[in-house]
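Enquirer: What follows is the file my_file-v1.txt, containing compact mmCIF, C-alpha atoms:
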```txt
# COMPACT_ATOMS: atom_id res chain seq x y z
CA MET A 1 2.32 12.16 9.92
CA ALA A 2 1.26 14.15 6.91
CA GLY A 3 -2.36 13.83 5.82
CA TYR A 4 -3.28 12.28 2.49
CA ARG A 5 -3.31 14.76 -0.37
CA PRO A 6 -3.48 13.29 -3.89
CA PRO A 7 -0.63 14.94 -5.82
CA VAL A 8 -0.17 15.72 -9.49
CA LEU A 9 3.27 14.36 -10.32
CA THR A 10 5.89 14.31 -13.01
CA ARG A 11 7.30 10.91 -13.87
CA ARG A 12 10.43 11.49 -11.80
CA GLN A 13 8.35 12.77 -8.89
CA PHE A 14 6.14 9.69 -9.14
CA THR A 15 9.12 7.39 -8.69
CA THR A 16 10.54 9.44 -5.83
CA ARG A 17 7.15 9.51 -4.12
CA MET A 18 6.81 5.74 -4.52
CA LEU A 19 10.03 5.32 -2.59
CA ALA A 20 8.85 7.70 0.14
CA ALA A 21 5.46 5.99 0.28
CA GLY A 22 7.00 2.62 0.97
CA ALA A 23 7.81 0.99 -2.35
CA SER A 24 11.02 -1.02 -2.43
CA ALA A 25 14.14 0.85 -3.45
CA GLY A 26 15.30 -2.33 -5.17
CA VAL A 27 12.26 -2.24 -7.41
CA LEU A 28 12.18 1.48 -8.12
CA ALA A 29 15.78 2.68 -8.04
CA PRO A 30 16.39 2.00 -11.75
CA LEU A 31 13.50 4.30 -12.61
CA LEU A 32 15.18 7.25 -10.91
CA SER A 33 17.86 7.36 -13.59
CA SER A 34 15.49 7.13 -16.54
CA CYS A 35 12.16 8.71 -17.34
CA GLY A 36 11.57 6.67 -20.47
CA GLY A 37 8.52 4.43 -20.81
CA ASP A 38 8.35 0.71 -21.41
CA ASP A 39 5.65 0.88 -24.10
CA SER A 40 2.74 3.00 -25.22
CA SER A 41 -0.06 0.56 -24.44
CA GLY A 42 -1.25 2.35 -21.35
CA SER A 43 -3.63 5.23 -20.74
CA SER A 44 -2.15 7.98 -22.89
CA GLY A 45 -4.06 8.79 -26.07
CA GLY A 46 -7.21 7.17 -27.43
CA GLY A 47 -8.13 3.55 -27.90
CA PRO A 48 -9.72 0.86 -25.77
CA ILE A 49 -9.84 0.63 -22.00
CA GLN A 50 -6.57 -0.96 -20.85
CA PHE A 51 -7.15 -3.65 -18.20
CA TRP A 52 -4.06 -5.21 -16.62
CA LYS A 53 -3.57 -8.01 -14.14
CA PHE A 54 -1.18 -10.86 -13.46
CA VAL A 55 -1.46 -14.27 -15.12
CA ALA A 56 -3.75 -16.74 -13.33
CA ASP A 57 -4.77 -19.69 -15.48
CA GLY A 58 -7.65 -20.74 -13.25
CA ASP A 59 -9.23 -17.28 -13.18
CA ASP A 60 -8.61 -15.70 -16.55
CA PRO A 61 -11.08 -17.76 -18.64
CA GLN A 62 -13.98 -16.36 -16.59
CA ILE A 63 -12.70 -12.79 -16.94
CA GLU A 64 -12.04 -13.23 -20.65
CA ALA A 65 -15.58 -14.52 -21.18
CA ALA A 66 -17.03 -11.54 -19.31
CA ILE A 67 -14.93 -9.08 -21.31
CA LYS A 68 -16.09 -10.74 -24.53
CA ARG A 69 -19.69 -10.10 -23.47
CA TRP A 70 -18.92 -6.49 -22.55
CA ASN A 71 -17.15 -5.82 -25.85
CA ALA A 72 -20.04 -7.32 -27.81
CA GLU A 73 -22.44 -4.91 -26.11
CA ASN A 74 -20.24 -1.78 -25.94
CA ALA A 75 -18.74 -0.97 -29.33
CA ASP A 76 -17.71 2.50 -28.15
CA MET A 77 -16.04 1.28 -24.92
CA GLN A 78 -13.95 -1.74 -25.83
CA VAL A 79 -11.69 -3.38 -23.25
CA LYS A 80 -8.19 -4.63 -24.06
CA PHE A 81 -7.23 -7.24 -21.46
CA GLN A 82 -3.55 -7.96 -20.78
CA THR A 83 -1.89 -10.26 -18.26
CA PHE A 84 1.73 -10.46 -17.16
CA PRO A 85 3.83 -12.98 -15.23
CA PHE A 86 3.15 -12.57 -11.52
CA ALA A 87 6.74 -11.64 -10.61
CA ASP A 88 6.86 -9.01 -13.36
CA TYR A 89 3.45 -7.58 -12.51
CA THR A 90 4.18 -7.27 -8.79
CA GLY A 91 7.75 -6.18 -9.49
CA THR A 92 8.38 -3.41 -12.00
CA LYS A 93 5.65 -3.67 -14.64
CA LEU A 94 3.11 -1.33 -13.06
CA THR A 95 5.59 1.08 -11.51
CA THR A 96 7.53 1.43 -14.76
CA ALA A 97 4.35 2.03 -16.74
CA PHE A 98 3.02 4.69 -14.37
CA ALA A 99 6.41 6.39 -14.07
CA ALA A 100 6.45 6.67 -17.86
CA GLY A 101 2.88 7.99 -18.03
CA ASN A 102 1.66 4.76 -19.66
CA GLY A 103 -0.21 3.17 -16.76
CA PRO A 104 -3.34 1.12 -17.52
CA ASP A 105 -6.84 2.47 -17.00
CA VAL A 106 -7.92 -0.48 -14.86
CA PHE A 107 -5.59 -2.72 -12.87
CA TRP A 108 -5.43 -5.08 -9.93
CA ILE A 109 -3.57 -4.12 -6.79
CA SER A 110 -2.74 -6.09 -3.65
CA PRO A 111 -3.09 -4.75 -0.09
CA GLY A 112 0.71 -4.53 0.14
CA ALA A 113 0.95 -2.14 -2.83
CA PHE A 114 -2.33 -0.30 -2.25
CA LEU A 115 -0.94 2.71 -0.34
CA ASN A 116 1.89 3.23 -2.82
CA TYR A 117 -0.65 4.03 -5.53
CA VAL A 118 -2.93 6.01 -3.24
CA ASN A 119 -0.11 8.14 -1.86
CA THR A 120 1.15 8.97 -5.34
CA GLY A 121 -2.26 10.10 -6.58
CA VAL A 122 -2.74 7.25 -9.05
CA SER A 123 -5.99 5.88 -7.60
CA ALA A 124 -9.42 7.26 -8.49
CA PRO A 125 -12.24 7.05 -5.89
CA VAL A 126 -14.90 4.46 -6.70
CA ASP A 127 -17.60 5.35 -4.14
CA ASP A 128 -20.03 6.26 -6.89
CA LEU A 129 -19.91 2.70 -8.25
CA VAL A 130 -21.28 0.84 -5.24
CA ASP A 131 -23.90 0.84 -2.51
CA LYS A 132 -21.65 0.52 0.53
CA SER A 133 -24.51 -0.73 2.68
CA GLY A 134 -24.43 -3.99 0.73
CA TYR A 135 -20.71 -4.52 1.28
CA ASN A 136 -18.70 -6.08 4.08
CA PRO A 137 -17.71 -3.05 6.23
CA ALA A 138 -14.16 -4.31 6.81
CA SER A 139 -13.61 -4.71 3.07
CA VAL A 140 -14.74 -1.13 2.52
CA ALA A 141 -12.58 0.18 5.36
CA ALA A 142 -9.49 -1.59 4.00
CA VAL A 143 -9.63 0.48 0.77
CA THR A 144 -10.87 3.75 2.29
CA VAL A 145 -8.67 6.82 2.74
CA GLU A 146 -10.16 10.03 4.13
CA GLY A 147 -13.66 8.70 3.56
CA ALA A 148 -13.19 7.68 -0.09
CA MET A 149 -12.88 4.15 -1.46
CA GLN A 150 -9.68 4.11 -3.51
CA ALA A 151 -10.22 0.66 -5.03
CA LEU A 152 -13.05 -1.83 -5.45
CA PRO A 153 -12.76 -5.03 -3.35
CA PHE A 154 -14.15 -8.11 -5.06
CA GLU A 155 -13.06 -11.18 -3.09
CA ILE A 156 -12.61 -12.43 0.47
CA GLU A 157 -10.40 -15.47 1.04
CA PRO A 158 -9.97 -16.28 4.74
CA VAL A 159 -7.23 -18.53 6.12
CA ALA A 160 -7.67 -21.63 8.27
CA LEU A 161 -5.92 -24.82 9.39
CA PHE A 162 -6.48 -27.79 7.08
CA TYR A 163 -5.66 -31.24 8.43
CA ARG A 164 -5.59 -34.92 7.51
CA GLU A 165 -8.27 -36.73 9.48
CA ASP A 166 -6.54 -40.07 8.92
CA HIS A 167 -3.17 -38.90 10.25
CA LEU A 168 -4.69 -37.43 13.40
CA ALA A 169 -6.94 -40.44 13.97
CA ASP A 170 -4.06 -42.90 13.59
CA ALA A 171 -2.10 -40.93 16.22
CA GLY A 172 -5.11 -40.58 18.53
CA ILE A 173 -4.97 -36.78 18.29
CA GLU A 174 -7.95 -34.44 18.36
CA PRO A 175 -7.86 -31.41 16.01
CA PRO A 176 -5.92 -28.75 17.97
CA THR A 177 -7.68 -25.67 19.32
CA THR A 178 -4.74 -24.06 21.17
CA TRP A 179 -1.13 -23.26 20.36
CA ASP A 180 0.05 -25.89 22.84
CA GLY A 181 -2.18 -28.43 21.16
CA LEU A 182 -0.97 -27.37 17.71
CA PHE A 183 2.69 -27.64 18.69
CA SER A 184 2.18 -30.99 20.40
CA ALA A 185 0.27 -32.35 17.42
CA ALA A 186 2.94 -31.14 14.98
CA GLN A 187 5.56 -32.86 17.13
CA GLU A 188 3.72 -36.18 17.35
CA LEU A 189 2.71 -36.22 13.69
CA THR A 190 6.25 -35.63 12.38
CA ALA A 191 7.65 -38.96 11.23
CA ALA A 192 10.21 -40.00 8.61
CA GLU A 193 9.61 -37.87 5.51
CA ARG A 194 6.35 -36.39 6.80
CA LYS A 195 6.21 -33.13 8.71
CA GLY A 196 3.51 -32.43 11.27
CA ILE A 197 2.63 -29.05 9.82
CA ILE A 198 3.62 -26.83 6.92
CA ILE A 199 3.76 -23.05 7.20
CA GLU A 200 5.15 -20.54 4.72
CA VAL A 201 8.90 -20.09 5.25
CA ALA A 202 9.66 -17.96 2.18
CA PRO A 203 9.69 -14.26 3.08
CA GLY A 204 7.12 -12.02 1.44
CA PRO A 205 3.56 -10.74 1.74
CA TYR A 206 2.02 -14.22 1.75
CA GLN A 207 4.15 -15.42 4.65
CA ASN A 208 3.13 -12.41 6.73
CA PHE A 209 -0.49 -12.86 5.65
CA THR A 210 -0.65 -16.38 7.06
CA TRP A 211 1.18 -15.36 10.26
CA TYR A 212 -1.08 -12.42 11.16
CA PRO A 213 -3.84 -14.64 12.67
CA PHE A 214 -1.31 -15.99 15.16
CA LEU A 215 -0.22 -12.48 16.12
CA TRP A 216 -3.78 -11.19 16.39
CA SER A 217 -5.12 -14.14 18.38
CA ALA A 218 -2.39 -13.47 20.94
CA GLY A 219 -3.53 -9.84 21.18
CA GLY A 220 -0.64 -8.37 19.20
CA GLU A 221 -0.53 -5.79 16.41
CA VAL A 222 2.11 -4.68 13.90
CA VAL A 223 1.71 -0.90 14.21
CA ASN A 224 -0.03 1.28 16.75
CA GLU A 225 -3.49 2.74 16.21
CA ASP A 226 -2.36 6.03 14.68
CA SER A 227 0.30 4.40 12.47
CA THR A 228 3.19 6.29 14.05
CA GLU A 229 5.28 3.45 15.47
CA SER A 230 5.59 -0.31 15.75
CA ALA A 231 3.40 -2.19 18.22
CA LEU A 232 5.51 -5.36 18.14
CA ARG A 233 7.53 -4.80 21.33
CA THR A 234 5.09 -6.84 23.40
CA PRO A 235 5.01 -10.33 24.96
CA GLU A 236 2.07 -11.15 22.70
CA ALA A 237 4.02 -10.42 19.53
CA ALA A 238 7.08 -12.22 20.88
CA ALA A 239 4.99 -15.33 21.51
CA ALA A 240 3.72 -15.38 17.91
CA PHE A 241 7.25 -15.05 16.49
CA ASP A 242 8.44 -17.73 18.90
CA LEU A 243 5.76 -20.25 17.90
CA TRP A 244 6.66 -20.12 14.22
CA GLY A 245 10.35 -20.11 15.03
CA ARG A 246 10.11 -23.25 17.17
CA LEU A 247 8.01 -25.16 14.63
CA VAL A 248 10.81 -24.76 12.08
CA THR A 249 13.93 -24.90 14.27
CA GLU A 250 12.73 -28.02 16.10
CA GLY A 251 11.94 -29.76 12.83
CA TYR A 252 8.15 -30.09 12.96
CA ALA A 253 7.64 -27.83 9.93
CA PRO A 254 9.87 -27.95 6.83
CA ASN A 255 12.53 -25.27 6.55
CA ASP A 256 12.35 -25.25 2.76
CA ASN A 257 9.07 -25.67 0.91
CA ALA A 258 9.19 -27.12 -2.60
CA THR A 259 6.24 -24.95 -3.61
CA SER A 260 4.34 -22.04 -2.13
CA THR A 261 2.00 -23.07 0.65
CA THR A 262 -0.80 -21.42 -1.31
CA ASP A 263 -0.84 -24.87 -2.97
CA ILE A 264 -2.76 -27.38 -0.83
CA GLY A 265 -1.13 -30.27 -2.70
CA THR A 266 1.41 -30.91 0.07
CA LEU A 267 -1.42 -31.85 2.41
CA GLY A 268 -3.39 -33.62 -0.31
CA ARG A 269 -0.45 -35.92 -1.06
CA GLY A 270 0.06 -36.65 2.63
CA GLU A 271 3.48 -35.00 2.85
CA THR A 272 2.27 -33.09 5.90
CA SER A 273 -0.54 -33.62 8.40
CA MET A 274 -1.60 -29.98 8.85
CA GLN A 275 -1.32 -26.92 6.63
CA VAL A 276 -2.15 -23.24 7.04
CA CYS A 277 -3.96 -22.30 3.83
CA GLY A 278 -6.92 -20.33 2.53
CA PHE A 279 -10.49 -20.70 1.30
CA TRP A 280 -9.27 -20.97 -2.29
CA ALA A 281 -7.85 -24.41 -1.44
CA ILE A 282 -11.31 -25.98 -1.36
CA ALA A 283 -11.67 -25.84 -5.14
CA ALA A 284 -8.28 -27.55 -5.56
CA LEU A 285 -9.11 -30.20 -2.97
CA GLN A 286 -12.40 -31.03 -4.67
CA GLU A 287 -10.77 -31.23 -8.08
CA GLU A 288 -7.58 -33.10 -7.23
CA PHE A 289 -7.95 -34.72 -3.81
CA ALA A 290 -11.65 -35.43 -3.38
CA ASP A 291 -10.89 -38.95 -2.13
CA GLN A 292 -8.58 -37.76 0.66
CA PRO A 293 -9.91 -37.32 4.26
CA ILE A 294 -9.15 -33.64 4.71
CA ASN A 295 -11.00 -31.28 7.03
CA VAL A 296 -10.59 -27.70 8.20
CA ILE A 297 -10.81 -25.78 11.48
CA PRO A 298 -10.09 -22.21 12.63
CA ILE A 299 -6.43 -21.47 13.30
CA PRO A 300 -5.73 -22.32 16.97
CA ALA A 301 -5.26 -19.49 19.47
CA PRO A 302 -3.02 -19.36 22.55
CA ASP A 303 -4.55 -20.42 25.85
CA GLY A 304 -7.03 -17.73 26.81
CA GLY A 305 -6.92 -16.15 23.36
CA THR A 306 -9.63 -15.85 20.76
CA PRO A 307 -9.20 -17.46 17.32
CA VAL A 308 -8.77 -14.96 14.49
CA SER A 309 -8.49 -15.40 10.75
CA VAL A 310 -7.29 -13.06 8.01
CA TYR A 311 -8.73 -12.70 4.56
CA GLY A 312 -6.93 -11.53 1.51
CA GLY A 313 -8.09 -10.53 -1.90
CA TRP A 314 -6.98 -8.36 -4.77
CA THR A 315 -8.85 -5.14 -5.50
CA GLN A 316 -9.54 -3.31 -8.75
CA MET A 317 -8.07 0.17 -8.97
CA LEU A 318 -8.73 2.87 -11.56
CA ASN A 319 -6.16 5.30 -12.93
CA ALA A 320 -7.17 8.82 -11.87
CA GLU A 321 -5.26 10.34 -14.82
CA SER A 322 -6.85 8.11 -17.43
CA PRO A 323 -8.53 9.95 -20.34
CA ARG A 324 -11.00 7.05 -20.28
CA LEU A 325 -11.84 7.21 -16.58
CA ASP A 326 -15.60 7.36 -17.09
CA ALA A 327 -15.49 4.32 -19.37
CA ALA A 328 -13.19 2.50 -16.95
CA LYS A 329 -15.68 3.19 -14.15
CA ALA A 330 -18.58 1.94 -16.24
CA PHE A 331 -16.74 -1.29 -17.06
CA THR A 332 -15.66 -1.86 -13.46
CA LYS A 333 -19.18 -1.34 -12.17
CA TRP A 334 -20.59 -3.71 -14.77
CA LEU A 335 -18.01 -6.40 -14.06
CA TRP A 336 -18.25 -6.50 -10.26
CA VAL A 337 -21.62 -4.95 -9.46
CA ASP A 338 -24.07 -5.24 -12.35
CA ASP A 339 -23.13 -8.56 -13.99
CA ASP A 340 -24.35 -11.08 -11.43
CA VAL A 341 -23.47 -13.95 -13.75
CA PHE A 342 -19.78 -13.14 -13.52
CA ALA A 343 -19.90 -12.28 -9.81
CA GLU A 344 -21.32 -15.71 -8.95
CA GLU A 345 -18.98 -17.46 -11.37
CA TRP A 346 -16.02 -15.80 -9.70
CA ALA A 347 -17.15 -16.51 -6.14
CA CYS A 348 -18.63 -19.99 -6.11
CA ARG A 349 -19.35 -21.53 -9.51
CA ALA A 350 -15.75 -21.72 -10.75
CA GLY A 351 -13.80 -21.05 -7.54
CA SER A 352 -14.11 -20.73 -3.77
CA LYS A 353 -13.99 -17.06 -2.82
CA PHE A 354 -16.44 -15.14 -0.70
CA SER A 355 -17.58 -11.82 -2.08
CA PRO A 356 -17.57 -8.55 -0.11
CA ARG A 357 -21.11 -8.14 -1.53
CA GLU A 358 -23.63 -9.89 0.67
CA ALA A 359 -26.02 -10.36 -2.28
CA VAL A 360 -23.45 -12.49 -4.09
CA ASN A 361 -22.80 -14.64 -1.02
CA GLU A 362 -26.54 -15.17 -0.63
CA ALA A 363 -26.80 -16.22 -4.27
CA CYS A 364 -24.00 -18.70 -3.61
CA GLY A 365 -25.76 -20.08 -0.55
CA ASP A 366 -26.23 -23.49 -2.15
CA VAL A 367 -22.43 -23.83 -2.32
CA PHE A 368 -21.30 -21.89 0.74
CA GLY A 369 -23.88 -23.63 2.92
CA GLY A 370 -22.64 -27.14 2.10
CA ASP A 371 -19.57 -29.04 3.24
CA PRO A 372 -16.70 -28.23 3.32
CA HIS A 373 -17.51 -24.58 2.57
CA SER A 374 -19.82 -24.31 5.58
CA VAL A 375 -16.92 -24.40 8.06
CA PHE A 376 -15.60 -21.22 6.46
CA THR A 377 -19.06 -19.69 6.20
CA GLU A 378 -20.08 -20.39 9.80
CA GLN A 379 -16.84 -20.46 11.79
CA ILE A 380 -13.99 -18.76 9.94
CA LEU A 381 -15.41 -15.85 7.94
CA PRO A 382 -17.07 -14.32 11.05
CA ILE A 383 -13.69 -14.10 12.84
CA ALA A 384 -11.67 -12.86 9.85
CA ARG A 385 -9.96 -9.48 9.57
CA ALA A 386 -8.92 -7.85 6.31
CA GLU A 387 -5.31 -8.23 5.23
CA PRO A 388 -3.40 -5.11 6.36
CA ARG A 389 -2.49 -2.53 3.75
CA TYR A 390 1.10 -2.25 4.94
CA PRO A 391 3.70 -0.91 2.47
CA ASP A 392 6.43 -3.33 1.50
CA GLN A 393 8.88 -1.71 3.94
CA VAL A 394 6.68 -2.91 6.80
CA VAL A 395 6.06 -6.27 5.13
CA LYS A 396 9.82 -6.80 4.83
CA ALA A 397 10.40 -5.82 8.44
CA VAL A 398 7.91 -8.39 9.71
CA GLY A 399 9.40 -10.98 7.36
CA ASP A 400 12.90 -10.24 8.64
CA GLY A 401 11.65 -10.92 12.16
CA LEU A 402 10.15 -14.24 11.10
CA GLN A 403 13.33 -15.23 9.29
CA ALA A 404 15.35 -14.43 12.41
CA ALA A 405 13.09 -16.66 14.50
CA MET A 406 12.95 -19.55 12.02
CA PHE A 407 16.50 -19.62 10.68
CA ARG A 408 18.80 -17.70 13.01
CA GLY A 409 17.58 -19.03 16.34
CA ALA A 410 16.41 -15.64 17.58
CA SER A 411 14.06 -15.62 20.53
CA GLY A 412 10.55 -14.34 19.95
CA GLU A 413 11.43 -11.15 21.79
CA ASP A 414 14.56 -10.58 19.69
CA ALA A 415 12.71 -11.37 16.46
CA ALA A 416 9.98 -8.89 17.38
CA ALA A 417 12.65 -6.27 18.07
CA VAL A 418 14.24 -6.85 14.64
CA ALA A 419 10.90 -6.11 13.01
CA ALA A 420 9.97 -3.24 15.33
CA ASP A 421 13.26 -1.39 14.83
CA ALA A 422 12.91 -1.47 11.04
CA ILE A 423 9.26 -0.41 11.17
CA ASP A 424 10.06 2.54 13.43
CA ARG A 425 12.83 3.69 11.09
CA PHE A 426 10.42 3.58 8.17
CA LEU A 427 7.55 5.33 9.94
CA SER A 428 9.82 8.11 11.18
CA SER A 429 9.94 9.50 7.63
CA TYR A 430 6.76 8.03 6.11
CA GLN A 431 4.38 10.55 4.56
CA GLY A 432 1.05 9.31 3.37
CA ALA A 433 -2.27 7.77 4.30
CA PRO A 434 -2.61 5.87 7.60
CA LEU A 435 -1.48 2.26 7.52
CA ASN A 436 -4.45 1.13 9.58
CA PRO A 437 -7.88 1.18 7.91
CA GLU A 438 -10.38 3.85 8.79
CA SER A 439 -13.82 3.28 10.26
CA THR A 440 -16.66 3.52 7.75
```
How would this structure read if it were set down as structure tokens?
Expert:
Amino acid sequence: MAGYRPPVLTRRQFTTRMLAAGASAGVLAPLLSSCGGDDSSGSSGGGPIQFWKFVADGDDPQIEAAIKRWNAENADMQVKFQTFPFADYTGTKLTTAFAAGNGPDVFWISPGAFLNYVNTGVSAPVDDLVDKSGYNPASVAAVTVEGAMQALPFEIEPVALFYREDHLADAGIEPPTTWDGLFSAAQELTAAERKGIIIEVAPGPYQNFTWYPFLWSAGGEVVNEDSTESALRTPEAAAAFDLWGRLVTEGYAPNDNATSTTDIGTLGRGETSMQVCGFWAIAALQEEFADQPINVIPIPAPDGGTPVSVYGGWTQMLNAESPRLDAAKAFTKWLWVDDDVFAEEWACRAGSKFSPREAVNEACGDVFGGDPHSVFTEQILPIARAEPRYPDQVVKAVGDGLQAAMFRGASGEDAAAVAADAIDRFLSSYQGAPLNPEST
């Protein structure tokens, strides 16, 4: 596998490299026939710092307030904040802008798209913005390539199993701690219109994200240590595919979710008895379902296995070719490192998100130390691994395996093989940074 070397690219080369680095051909193919831009609001020329992210109604007021404070204090380094519909932002908006030379100065990137922008030379190192000793080591490792942090992590949102205390109590069931217990509970709790458990059945990064703890607790991995081939051809991986497949095919989990399972409302309304969801759900539960008897436990592990969680979180990346890179760095450092008011607001005062900065988590101790946050603080965060930075080719391969298990009746072994074959084909020609994070 070729080592990471940040290239200087033409627009056409950028698009071609994105395909080689793992970006979806369906997303990028139209760009290969046209080198035109979508607008001129990006990094070329003068003007304010361009800050892009997707639309998130619950988050943006806090960011907008912080930017207003920054702009009031920095007349010579103004920030122009723009948001875009999530599907557009994660689809073609960023890739089109960068292919046309109009990429933003500051932007948010998910773990699944991270390597695409590193491998094409878009990302600027941010090591000089932080004191790494005050950061969660796994968060630093997840964004590190050849010793340099290529984005700034700012949130940690681990996943757990939420459950209805009343449903379990009425059925005489203890909260499950093993896969056998989870499956049995899902079976017994399924009645009429209510399902025993809800898991994500729509393919995509979020589905994989919530499935990884099951794979890891069984002792499985997606790719081998040196990122050269799939690691899914194992009994451990087969068992994790099989568990999710059986929950859906035997009718204990819905085969079509009305909304994304990022929304805890299905559990809050009592439409299911258990739900795999993340730390962010606490804020929604407290706001909308405070009167409902809902609790949370670590995701069960197979007999003899060790429970594992996964945490996600977007990161802030800087455009290495920006003529305003120094200003973009200054703003990014102020937002996530220097302005403790915003950091606390983001983590615990307006939401429920751990920070990769230990100082912020300590400042939020009054919230994170109380119920129901304390279960995450004491039991789930310590066993959480960072979301993998797999390119979308690998994400799709894993998703295809899960779809085969859940909807085509494939055995766990056959589903694992579906994913492994596709991953091996991709890795045979992949050129770029390692898929697995580096030690820091």
Enquirer: Excluding same-chain residues fewer than 5 positions from Glu165 (chain A), what lies within 12 Å of it counting only C-alpha atoms, as a list in words?
Expert: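 Selected residues are Asp170, Ala171, Gly172, Ile173, Glu174, Pro175, Pro176, Leu189, Leu267, Gly268, Gly270, Thr272, Ser273, Met274, Gln292, Pro293, Ile294, Asn295, Val296 and Ile297 of chain A.
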Enquirer: What does the distance between CA of Ala281 (chain A) and CA of Ala405 (chain A) come to in Å, to one decimal place?
Expert: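 Distance between the two atoms: 27.4 Å.
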Enquirer: Just the residues within 10 Å of Phe342 (chain A), please, counting all atoms listed in the file, with nothing from its chain fewer than 5 positions along; format it as a PyMOL selection string.
Expert: chain A and resi 62-63+65-66+334-337+347+349-350
Enquirer: Write out as a VMD selection string the residues lying within 8 Å of region 250-266 of chain A, counting all atoms listed in the file and excluding same-chain residues fewer than 6 positions away.
Expert: chain A and resid 186 to 187 190 195 to 202 272 275 to 278 281 284 to 285 406
Enquirer: Convert the current residue selection to file output with C-alpha atoms, as a PDB file, in the coordinates of the input.
Expert:
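As written to disk, out_10.pdb reads:
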```
ATOM      1  CA  ALA A 186       2.940 -31.140  14.980  1.00  0.00           C
ATOM      2  CA  GLN A 187       5.560 -32.860  17.130  1.00  0.00           C
ATOM      3  CA  THR A 190       6.250 -35.630  12.380  1.00  0.00           C
ATOM      4  CA  LYS A 195       6.210 -33.130   8.710  1.00  0.00           C
ATOM      5  CA  GLY A 196       3.510 -32.430  11.270  1.00  0.00           C
ATOM      6  CA  ILE A 197       2.630 -29.050   9.820  1.00  0.00           C
ATOM      7  CA  ILE A 198       3.620 -26.830   6.920  1.00  0.00           C
ATOM      8  CA  ILE A 199       3.760 -23.050   7.200  1.00  0.00           C
ATOM      9  CA  GLU A 200       5.150 -20.540   4.720  1.00  0.00           C
ATOM     10  CA  VAL A 201       8.900 -20.090   5.250  1.00  0.00           C
ATOM     11  CA  ALA A 202       9.660 -17.960   2.180  1.00  0.00           C
ATOM     12  CA  THR A 272       2.270 -33.090   5.900  1.00  0.00           C
ATOM     13  CA  GLN A 275      -1.320 -26.920   6.630  1.00  0.00           C
ATOM     14  CA  VAL A 276      -2.150 -23.240   7.040  1.00  0.00           C
ATOM     15  CA  CYS A 277      -3.960 -22.300   3.830  1.00  0.00           C
ATOM     16  CA  GLY A 278      -6.920 -20.330   2.530  1.00  0.00           C
ATOM     17  CA  ALA A 281      -7.850 -24.410  -1.440  1.00  0.00           C
ATOM     18  CA  ALA A 284      -8.280 -27.550  -5.560  1.00  0.00           C
ATOM     19  CA  LEU A 285      -9.110 -30.200  -2.970  1.00  0.00           C
ATOM     20  CA  MET A 406      12.950 -19.550  12.020  1.00  0.00           C
TER      21      MET A 406
END
```
Enquirer: For each of A:Arg233, A:Ala359, A:Cys364, A:Thr83, take the minimum atom-to-atom distance to Asp338 (chain A), counting all atoms listed in the file, then give the residue where this is smallest.
Expert: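 So, comparing all the options, the nearest one is A:Ala359.
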Enquirer: Any chance you could model N, CA and C atoms for region 102-112 of chain A and send them as a PDB file, in the coordinates of the input?
Expert:
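As written to disk, result_15.pdb reads:
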```
ATOM      1  N   ASN A 102       2.357   5.743 -18.833  1.00  0.00           N
ATOM      2  CA  ASN A 102       1.660   4.760 -19.660  1.00  0.00           C
ATOM      3  C   ASN A 102       0.914   3.730 -18.814  1.00  0.00           C
ATOM      4  N   GLY A 103       0.494   4.111 -17.617  1.00  0.00           N
ATOM      5  CA  GLY A 103      -0.210   3.170 -16.760  1.00  0.00           C
ATOM      6  C   GLY A 103      -1.554   2.779 -17.332  1.00  0.00           C
ATOM      7  N   PRO A 104      -2.037   1.573 -17.015  1.00  0.00           N
ATOM      8  CA  PRO A 104      -3.340   1.120 -17.520  1.00  0.00           C
ATOM      9  C   PRO A 104      -4.481   1.910 -16.904  1.00  0.00           C
ATOM     10  N   ASP A 105      -5.647   1.793 -17.510  1.00  0.00           N
ATOM     11  CA  ASP A 105      -6.840   2.470 -17.000  1.00  0.00           C
ATOM     12  C   ASP A 105      -7.424   1.720 -15.814  1.00  0.00           C
ATOM     13  N   VAL A 106      -7.365   0.402 -15.878  1.00  0.00           N
ATOM     14  CA  VAL A 106      -7.920  -0.480 -14.860  1.00  0.00           C
ATOM     15  C   VAL A 106      -6.850  -1.509 -14.519  1.00  0.00           C
ATOM     16  N   PHE A 107      -6.627  -1.748 -13.231  1.00  0.00           N
ATOM     17  CA  PHE A 107      -5.590  -2.720 -12.870  1.00  0.00           C
ATOM     18  C   PHE A 107      -5.872  -3.287 -11.488  1.00  0.00           C
ATOM     19  N   TRP A 108      -5.293  -4.427 -11.228  1.00  0.00           N
ATOM     20  CA  TRP A 108      -5.430  -5.080  -9.930  1.00  0.00           C
ATOM     21  C   TRP A 108      -4.277  -4.696  -9.028  1.00  0.00           C
ATOM     22  N   ILE A 109      -4.599  -4.508  -7.745  1.00  0.00           N
ATOM     23  CA  ILE A 109      -3.570  -4.120  -6.790  1.00  0.00           C
ATOM     24  C   ILE A 109      -3.773  -4.940  -5.514  1.00  0.00           C
ATOM     25  N   SER A 110      -2.685  -5.314  -4.889  1.00  0.00           N
ATOM     26  CA  SER A 110      -2.740  -6.090  -3.650  1.00  0.00           C
ATOM     27  C   SER A 110      -2.728  -5.135  -2.455  1.00  0.00           C
ATOM     28  N   PRO A 111      -3.147  -5.613  -1.279  1.00  0.00           N
ATOM     29  CA  PRO A 111      -3.090  -4.750  -0.090  1.00  0.00           C
ATOM     30  C   PRO A 111      -1.696  -4.200   0.170  1.00  0.00           C
ATOM     31  N   GLY A 112      -0.647  -4.985  -0.131  1.00  0.00           N
ATOM     32  CA  GLY A 112       0.710  -4.530   0.140  1.00  0.00           C
ATOM     33  C   GLY A 112       1.180  -3.404  -0.762  1.00  0.00           C
TER      34      GLY A 112
END
```
